[in-house]
Amino acid sequence: MARYFFHSEDGHPHDDEQGLELVDLSAARNEALRMLSDMIRGKPENVLDTGNFKIVVTDQDRLHLFHVDVSIIDAPTVARRPPSV
């Protein structure tokens with residue numbers, strides 16, 4: 001078992017000081033996806049306000065192992081449209 005830390009970024013960094021003991025990196029990936037899904041479902045404005053939401057997973061030495069992010073990127077045609085009334 002290893003301890004993994006799940007730091008979130010929604011325009012501001014939020015450090016995970018506790019972490020979770022998990023079996024392996026695959027379990028950490030599953031947990032990161034579950035956390036991201038729960039956070040977006042609970043507060044979609046986390047993504048809508050900034051256009052991006054990310055979870056960075058590190059080990060106990062704070063080594064960046066991977067990250068999972070969600071971004072909203074408007075296509076150029078959408079960006080040029082006038083606002084609808």
# chains A, B, ... in the order shown; residues from 1 in each chain; ligands from 1
$ select_by_dssp --residues "chain A" --states "helix (DSSP H, G or I)" --output "VMD selection string"
chain A and resid 25 to 42 45 to 48 76 to 80
$ residues_around --residues "Asp16 in chain A" --least-positions-apart "3" --cutoff "8 Å" --atoms "only C-alpha atoms" --output "list in words"
Phe5, Phe6, His7, Ser8 and Gly19 of chain A
$ write_last_selection --atoms "C-alpha atoms" --output "JSON list (two decimals), in the first residue's frame"
[["chain", "number", "residue", "atom", "x", "y", "z"],
["A", 5, "PHE", "CA", -2.38, 12.79, -2.47],
["A", 6, "PHE", "CA", -5.14, 14.32, -4.60],
["A", 7, "HIS", "CA", -4.62, 18.06, -5.05],
["A", 8, "SER", "CA", -7.32, 19.99, -6.90],
["A", 19, "GLY", "CA", -3.91, 11.56, 1.20]]
$ atom_distance --atom1 "CA of Asn52 in chain A" --atom2 "CA of Met39 in chain A"
12.5 Å
$ residues_around --residues "Ile73 in chain A" --least-positions-apart "2" --cutoff "9 Å" --atoms "only C-alpha atoms" --output "PyMOL selection string"
chain A and resi 51-52+71+75
$ write_last_selection --atoms "N, CA and C atoms" --output "PDB file, in the first residue's frame"
ATOM      1  N   GLY A  51     -13.270  27.453 -16.718  1.00  0.00           N
ATOM      2  CA  GLY A  51     -13.068  26.719 -17.961  1.00  0.00           C
ATOM      3  C   GLY A  51     -12.154  25.522 -17.790  1.00  0.00           C
ATOM      4  N   ASN A  52     -11.700  25.271 -16.543  1.00  0.00           N
ATOM      5  CA  ASN A  52     -10.768  24.176 -16.312  1.00  0.00           C
ATOM      6  C   ASN A  52     -10.879  23.705 -14.867  1.00  0.00           C
ATOM      7  N   SER A  71     -11.631  20.426 -19.276  1.00  0.00           N
ATOM      8  CA  SER A  71     -11.573  21.786 -19.814  1.00  0.00           C
ATOM      9  C   SER A  71     -12.769  22.030 -20.713  1.00  0.00           C
ATOM     10  N   ALA A  75     -15.217  26.440 -29.464  1.00  0.00           N
ATOM     11  CA  ALA A  75     -14.756  26.459 -30.847  1.00  0.00           C
ATOM     12  C   ALA A  75     -14.722  27.910 -31.317  1.00  0.00           C
TER      13      ALA A  75
END
$ select_by_dssp --residues "chain A" --states "strand (DSSP E or B)" --output "PyMOL selection string"
chain A and resi 2-9+13-14+20-22+52-58+64-71
$ residues_around --residues "Ser37 in chain A" --least-positions-apart "2" --cutoff "12 Å" --atoms "only C-alpha atoms" --output "PyMOL selection string"
chain A and resi 30-35+39-44+46-47+53-55+68-70
$ write_last_selection --atoms "C-alpha atoms" --output "PDB file, in the first residue's frame"
ATOM      1  CA  ASN A  30      -9.721   5.228 -10.344  1.00  0.00           C
ATOM      2  CA  GLU A  31      -9.961   7.361  -7.204  1.00  0.00           C
ATOM      3  CA  ALA A  32      -8.917  10.523  -9.081  1.00  0.00           C
ATOM      4  CA  LEU A  33     -11.638   9.941 -11.683  1.00  0.00           C
ATOM      5  CA  ARG A  34     -14.231   9.274  -8.986  1.00  0.00           C
ATOM      6  CA  MET A  35     -13.226  12.433  -7.086  1.00  0.00           C
ATOM      7  CA  MET A  39     -16.619  17.409  -7.535  1.00  0.00           C
ATOM      8  CA  ILE A  40     -18.002  18.387 -10.937  1.00  0.00           C
ATOM      9  CA  ARG A  41     -21.404  16.880 -10.196  1.00  0.00           C
ATOM     10  CA  GLY A  42     -21.574  18.690  -6.855  1.00  0.00           C
ATOM     11  CA  LYS A  43     -20.242  22.041  -8.099  1.00  0.00           C
ATOM     12  CA  PRO A  44     -20.247  22.356 -11.906  1.00  0.00           C
ATOM     13  CA  ASN A  46     -15.774  24.711 -10.603  1.00  0.00           C
ATOM     14  CA  VAL A  47     -15.364  24.149 -14.338  1.00  0.00           C
ATOM     15  CA  PHE A  53     -10.674  21.841 -13.318  1.00  0.00           C
ATOM     16  CA  LYS A  54      -7.798  19.517 -12.482  1.00  0.00           C
ATOM     17  CA  ILE A  55      -6.752  16.896  -9.942  1.00  0.00           C
ATOM     18  CA  VAL A  68      -6.720  14.405 -14.680  1.00  0.00           C
ATOM     19  CA  ASP A  69      -8.348  17.525 -16.013  1.00  0.00           C
ATOM     20  CA  VAL A  70     -11.565  18.760 -17.539  1.00  0.00           C
TER      21      VAL A  70
END
$ atom_distance --atom1 "CA of Pro13 in chain A" --atom2 "CA of Pro76 in chain A"
28.8 Å
